[in-house]
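Each remark here refers to the structure printed beneath this line.
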Amino acid sequence: MENADGVRSPYRSVADWIEETGTELLTRRREEAEAIFRKIGITFAVYGEGGDPERLIPFDLIPRVFAASEWSVLENGIRQRARALNAFLYDIYHRQDIIKAGRIPEKLILQNEAFCPEMMGLEPARGVYAHIIGVDIVRTGPDDFFVLEDNLRTPSGVSYMLEDREAMMILAPDLFQRSKVAPVENYPENLRRTLESVAPDNAGSSPNIVVLTPGSAYFEHSFLADQMGATLCEGPDLFVDGGKVYMRTTTGPERVHVIYRRIDDDYLDPLTFNPGSMLGVPGLFDAYRAGNVTLVNAPGTGIADDKAVYTYVPEIIE
């Protein structure tokens, strides 16, 4: 609902804060934010444009605001979407009822490069394929939201959101005092609990979790590993022996139970996927298939975020 001056109710405190702060101070705070990000090294990589591929993460001092009632609707819809996409993945890697029912074209799935035949019949831990899903949302009106795309393969970017919030609390503490702002700092703890929940049964009460990075997007991967208390690894840091995955350490091999992988399917295991991959771990997929290690997200989840499949998500949800 808009007020007489055209400001939507959730933005009232932000509008007042902008007016009271003034353009000069807002500009100065934006420059301070850039200095903070540059000092910490909050960057992301952009390839193919020449020059240094590492770019400073863009930062907007003016926040996007959702009323609690708006967020409740979004949260319920996103939860439903996540359940539907996971159910869809389970179906196409098992009975493929949605294809048999004619609700989605067979060739769109089976001839799609994102479809992973090696996953057929495999039972992932707790039946979950995509443990972390990035759903891109756009507002199209006062009460209307649409999904731009789903990200189920190796969704990224949450570290930037957490650092943005931290920067805002430093630069504009007075803005937070005006409103009840929902916390986000519990994300790493929730992520770790999610990873622990899908560890193999023989992992015990303290499963060993690693973040597997290809070496790029280093800030994001190191940030999440550090915040979760997990170990950041590259492919050569891990090896498979006797169908189990181990991490090389200065005190000897350590068993690994859960791998939060940030490497695309093709590069995960040169024995199963791309034989030229130097990023993955030979034998990793067989260890996963045997239930001795859990991969998060599971291989083959990319079929559910394919741009052609996206148009069928209403059918999938139904």
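Chain lettering (A, B, ...) mirrors the order of the structure tokens, residue numbering begins at 1 for each chain separately, and ligand numbering begins at 1 in order of display.
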Q | Contacts of Gly283 in chain A at 9 Å (only C-alpha atoms; same-chain gap of 5+ positions) as a PyMOL selection string | A | chain A and resi 239-241+243-245+269-272+288
Quick one: write out the picked residues with all heavy atoms as a compact mmCIF listing (two decimals), in the first residue's frame?
```txt
# COMPACT_ATOMS: atom_id res chain seq x y z
N PHE A 239 41.20 -38.12 -2.11
CA PHE A 239 41.44 -39.34 -2.88
C PHE A 239 40.48 -40.42 -2.39
O PHE A 239 39.90 -40.32 -1.30
CB PHE A 239 42.89 -39.81 -2.75
CG PHE A 239 43.29 -40.30 -1.37
CD1 PHE A 239 43.23 -41.64 -1.04
CD2 PHE A 239 43.72 -39.38 -0.41
CE1 PHE A 239 43.60 -42.08 0.23
CE2 PHE A 239 44.09 -39.81 0.86
CZ PHE A 239 44.02 -41.16 1.19
N VAL A 240 40.28 -41.42 -3.22
CA VAL A 240 39.37 -42.53 -2.91
C VAL A 240 40.19 -43.78 -2.69
O VAL A 240 41.07 -44.12 -3.49
CB VAL A 240 38.36 -42.74 -4.05
CG1 VAL A 240 37.49 -43.97 -3.76
CG2 VAL A 240 37.49 -41.51 -4.24
N ASP A 241 39.89 -44.47 -1.59
CA ASP A 241 40.57 -45.72 -1.27
C ASP A 241 39.55 -46.68 -0.67
O ASP A 241 38.87 -46.33 0.29
CB ASP A 241 41.72 -45.47 -0.29
CG ASP A 241 42.53 -46.73 -0.01
OD1 ASP A 241 42.58 -47.62 -0.88
OD2 ASP A 241 43.11 -46.84 1.10
N GLY A 243 36.74 -47.54 -1.80
CA GLY A 243 35.37 -47.05 -1.97
C GLY A 243 34.99 -45.92 -1.04
O GLY A 243 33.84 -45.48 -1.02
N LYS A 244 35.95 -45.40 -0.27
CA LYS A 244 35.70 -44.29 0.65
C LYS A 244 36.57 -43.10 0.26
O LYS A 244 37.64 -43.26 -0.35
CB LYS A 244 35.98 -44.70 2.10
CG LYS A 244 35.10 -45.84 2.60
CD LYS A 244 35.47 -46.22 4.02
CE LYS A 244 34.54 -47.29 4.59
NZ LYS A 244 34.64 -48.56 3.82
N VAL A 245 36.11 -41.90 0.63
CA VAL A 245 36.82 -40.67 0.27
C VAL A 245 37.62 -40.19 1.47
O VAL A 245 37.11 -40.17 2.61
CB VAL A 245 35.84 -39.57 -0.18
CG1 VAL A 245 36.61 -38.30 -0.54
CG2 VAL A 245 35.02 -40.05 -1.36
N ASP A 269 34.57 -36.19 -11.57
CA ASP A 269 35.26 -37.47 -11.49
C ASP A 269 35.70 -37.87 -12.90
O ASP A 269 34.86 -38.21 -13.74
CB ASP A 269 34.32 -38.53 -10.91
CG ASP A 269 34.97 -39.89 -10.76
OD1 ASP A 269 36.07 -40.10 -11.29
OD2 ASP A 269 34.36 -40.77 -10.12
N PRO A 270 36.99 -37.85 -13.19
CA PRO A 270 37.46 -38.18 -14.53
C PRO A 270 37.22 -39.64 -14.92
O PRO A 270 37.27 -39.96 -16.12
CB PRO A 270 38.96 -37.86 -14.47
CG PRO A 270 39.32 -37.94 -13.02
CD PRO A 270 38.10 -37.47 -12.28
N LEU A 271 36.95 -40.51 -13.96
CA LEU A 271 36.68 -41.90 -14.28
C LEU A 271 35.24 -42.12 -14.74
O LEU A 271 34.94 -43.10 -15.43
CB LEU A 271 36.97 -42.80 -13.07
CG LEU A 271 38.41 -42.78 -12.55
CD1 LEU A 271 38.56 -43.78 -11.40
CD2 LEU A 271 39.40 -43.09 -13.67
N THR A 272 34.34 -41.20 -14.37
CA THR A 272 32.93 -41.34 -14.73
C THR A 272 32.49 -40.30 -15.75
O THR A 272 31.70 -40.60 -16.65
CB THR A 272 32.05 -41.23 -13.47
OG1 THR A 272 32.41 -42.25 -12.54
CG2 THR A 272 30.57 -41.37 -13.83
N TYR A 288 30.21 -42.23 -4.06
CA TYR A 288 28.88 -41.64 -3.85
C TYR A 288 27.79 -42.66 -4.11
O TYR A 288 26.84 -42.81 -3.33
CB TYR A 288 28.73 -40.43 -4.76
CG TYR A 288 27.33 -39.85 -4.82
CD1 TYR A 288 26.76 -39.26 -3.70
CD2 TYR A 288 26.59 -39.88 -6.00
CE1 TYR A 288 25.48 -38.73 -3.75
CE2 TYR A 288 25.32 -39.34 -6.06
CZ TYR A 288 24.76 -38.78 -4.93
OH TYR A 288 23.50 -38.25 -4.97
```
**Q.** Residue contacts of range 101-113 of chain A (8 Å, only C-alpha atoms) excluding same-chain residues fewer than 5 positions away, as a PyMOL selection string
**A.** chain A and resi 303+308-309+312+315-316
Any chance you can output those residues with N, CA, C and O atoms as a PDB file, in the first residue's frame?
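The resulting file, result-v9.pdb, is shown below:
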```pdb
ATOM      1  N   ILE A 303      19.357 -30.720 -14.692  1.00  0.00           N
ATOM      2  CA  ILE A 303      18.228 -30.915 -15.602  1.00  0.00           C
ATOM      3  C   ILE A 303      16.996 -30.158 -15.125  1.00  0.00           C
ATOM      4  O   ILE A 303      16.142 -29.765 -15.925  1.00  0.00           O
ATOM      5  N   ALA A 308      14.967 -24.658 -20.924  1.00  0.00           N
ATOM      6  CA  ALA A 308      13.805 -25.217 -21.622  1.00  0.00           C
ATOM      7  C   ALA A 308      12.851 -25.884 -20.643  1.00  0.00           C
ATOM      8  O   ALA A 308      11.622 -25.808 -20.792  1.00  0.00           O
ATOM      9  N   VAL A 309      13.397 -26.536 -19.621  1.00  0.00           N
ATOM     10  CA  VAL A 309      12.553 -27.198 -18.613  1.00  0.00           C
ATOM     11  C   VAL A 309      11.825 -26.170 -17.758  1.00  0.00           C
ATOM     12  O   VAL A 309      10.707 -26.414 -17.284  1.00  0.00           O
ATOM     13  N   TYR A 312       8.179 -25.552 -17.942  1.00  0.00           N
ATOM     14  CA  TYR A 312       7.284 -26.633 -17.527  1.00  0.00           C
ATOM     15  C   TYR A 312       7.126 -26.719 -16.003  1.00  0.00           C
ATOM     16  O   TYR A 312       6.448 -27.616 -15.506  1.00  0.00           O
ATOM     17  N   GLU A 315       3.725 -27.157 -14.658  1.00  0.00           N
ATOM     18  CA  GLU A 315       3.249 -28.530 -14.862  1.00  0.00           C
ATOM     19  C   GLU A 315       3.880 -29.458 -13.813  1.00  0.00           C
ATOM     20  O   GLU A 315       3.208 -30.350 -13.290  1.00  0.00           O
ATOM     21  N   ILE A 316       5.161 -29.250 -13.539  1.00  0.00           N
ATOM     22  CA  ILE A 316       5.851 -30.076 -12.554  1.00  0.00           C
ATOM     23  C   ILE A 316       5.217 -29.915 -11.177  1.00  0.00           C
ATOM     24  O   ILE A 316       4.982 -30.895 -10.460  1.00  0.00           O
TER      25      ILE A 316
END
```
Q) Which polymer residues have any atom within 6 Å of an atom of range 211-222 of chain A, counting only C-alpha atoms, with same-chain residues fewer than 6 positions away left out, as a ChimeraX atom specification? A) /A:44,159,232-234,259-263,279
Q) Can you list, as a PyMOL selection string, every protein, DNA or RNA residue that comes within 12 Å of Ala182 in chain A when you count only C-alpha atoms, leaving out same-chain residues fewer than 4 positions away? A) chain A and resi 65-68+71-72+165+176+186-187
Take the residues that were just selected and, keeping C-alpha atoms, output them as an mmCIF file, in the first residue's frame.
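File written: result.cif
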```cif
data_model
loop_
_atom_site.group_PDB
_atom_site.id
_atom_site.type_symbol
_atom_site.label_atom_id
_atom_site.label_comp_id
_atom_site.auth_asym_id
_atom_site.auth_seq_id
_atom_site.Cartn_x
_atom_site.Cartn_y
_atom_site.Cartn_z
ATOM 1 C CA VAL A 65 12.517 -4.216 1.544
ATOM 2 C CA PHE A 66 9.886 -6.906 2.004
ATOM 3 C CA ALA A 67 7.103 -6.661 4.536
ATOM 4 C CA ALA A 68 6.807 -9.750 6.739
ATOM 5 C CA TRP A 71 8.030 -12.555 2.649
ATOM 6 C CA SER A 72 5.683 -15.157 4.114
ATOM 7 C CA ARG A 165 24.226 -7.190 5.420
ATOM 8 C CA PHE A 176 18.343 -0.943 11.495
ATOM 9 C CA ASN A 186 22.303 -17.889 10.894
ATOM 10 C CA TYR A 187 22.673 -19.066 7.274
#
```
Q) Counting only C-alpha atoms, which of A:Val256, A:Leu295, A:Ile42, A:Leu74 gets nearest to Val147 in chain A? A) A:Leu74
